[in-house]
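Let me begin by presenting the structure, written as structure tokens, before commenting on it.
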Amino acid sequence: MKVFRLVSMFTLILALGIGASSCKKVNDADVQKAAQETLAANPDLAGVVVTVQDQVATLTGVVMDDATKAYAESTVAGMENVKSVVNELEVVPPAPDFTAVDAAINAALADALKDHETVTAAVQDGVITLTGEIRERDLPVLMEKLNALNPEQIVNNLTVK
Amino acid sequence: MALVDKYKELVDLARQNNVLVNESGKVLKLDGVVPSASVKNKMWEIYQRIDPQFKSNDLLLNVKTAVSDGGKVKVVTKESRLNIRKGPGTDQPIVGKAEKGDIITLISKANDQWWLVRDNDGEEGYCYAQYLEPIQ
């Protein structure tokens, strides 16, 4: 019986020892790799870079909004062997796409300019830029037509006569 | 100075009429439907008083006068007669003319720019909406 007790005690010590040593052997590089792979699986988080030191994960890079920033943090915080997360992500909203807006304005522009032959208009990113010349009394009429086309801005470089 | 302060008189009138006021960056946008043409005209009048030649490039005034299908609209061209066209576009053939000051009937709106109307001779076709002013 004594021998058995001794053996089992050794086994216990050994097990604890191995357990304790395996705890210490968390490899930051492995954690970092796993975290980066998890983030890479989500296209919204493609701009996030994670570095891990002493099981503390630091997030840097760019995301499109606050919700994505928080989501990146919770994703990494929930991973094995990550003690805490330092969230240094920067929120940069994506540049809006004006292709459809420009097309709609351009389609309606010919009719709006029909009675104003001396006026030329260019459209870029929802901004209508006017060049040429116009009689002062026709200007409000033209402006009213153009304001109704839902532009982002009207830049009036017209010479008013 | 903030744009809402620069155009305060206009912004106040807009808010009284539930027109959306949105200052985003360098442009102030006023968007909405007002109950009568006189309110709309008043807004343009104020705008032009603050910025006589529309050179500030910092305001968008997109207000429409409320009108429903079957309502009456007045032809508000400067001096010429208003073309009534077969379809919604200046490339469409002219099927009739409406006199300045005529009050005709709105049948329906093809879009924001082109409205289908019936003139006093019973002729139907499309007119450019900026030359039509809804009346109450």
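Here's how to read the names in the structure tokens: chain A, B, ... by the order shown, residue numbers from 1 in each chain, ligand numbers from 1 in the order shown.
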For this session: Pull out every residue of chain B sitting within 10 Å of chain A, counting only C-alpha atoms, and send them as an NGL selection string.
Result: :B and (24 or 26-31 or 44-45 or 47-48 or 52-64 or 77-78 or 88-91 or 112-114 or 128-131)
For this session: Skip Gly96 (chain B) itself and residues of its chain fewer than 4 positions away, then list as a list in words all residues within 9 Å of it, counting only C-alpha atoms.
Result: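 My list of contacting residues is Leu82, Asn83, Ile84, Arg85, Lys86, Asp119, Glu123, Glu124 and Gly125 of chain B.
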Exercise. Can you list, as a VMD selection string, every residue of chain B that DSSP puts in helix (DSSP H, G or I)?
Worked result: chain B and resid 3 to 6 8 to 16 37 to 50 129 to 131
Exercise. So how many Å separate CA of Lys161 (chain A) and CA of Glu133 (chain A), to one decimal?
Worked result: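 A separation of 7.0 Å between them.
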Problem set entry | Residues near Thr65 (chain B), cut-off 9 Å, only C-alpha atoms, skip fewer than 3 positions along chain, as a count of residues only | 12
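Comparing the minimum interatomic distances between Cys127 (chain B) and each of B:Val67, B:Met43, B:Ile103, B:Ala98, counting only C-alpha atoms, we find that B:Ala98 sits nearest.
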Problem set entry | Neighbour list for region 73-90 of chain A as a VMD selection string, cut-off 6 Å, only C-alpha atoms, skip fewer than 3 positions in-chain | chain A and resid 55 to 62 70
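CA of Val101 (chain A) sits 26.2 Å away from CA of Tyr7 (chain B).
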Exercise. Which one of B:Arg118, B:Lys100, B:Lys109, B:Lys8 sits closest to Asp69 (chain B) if you count only C-alpha atoms?
Worked result: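 Result for the nearest residue to Asp69 (chain B): B:Lys109.
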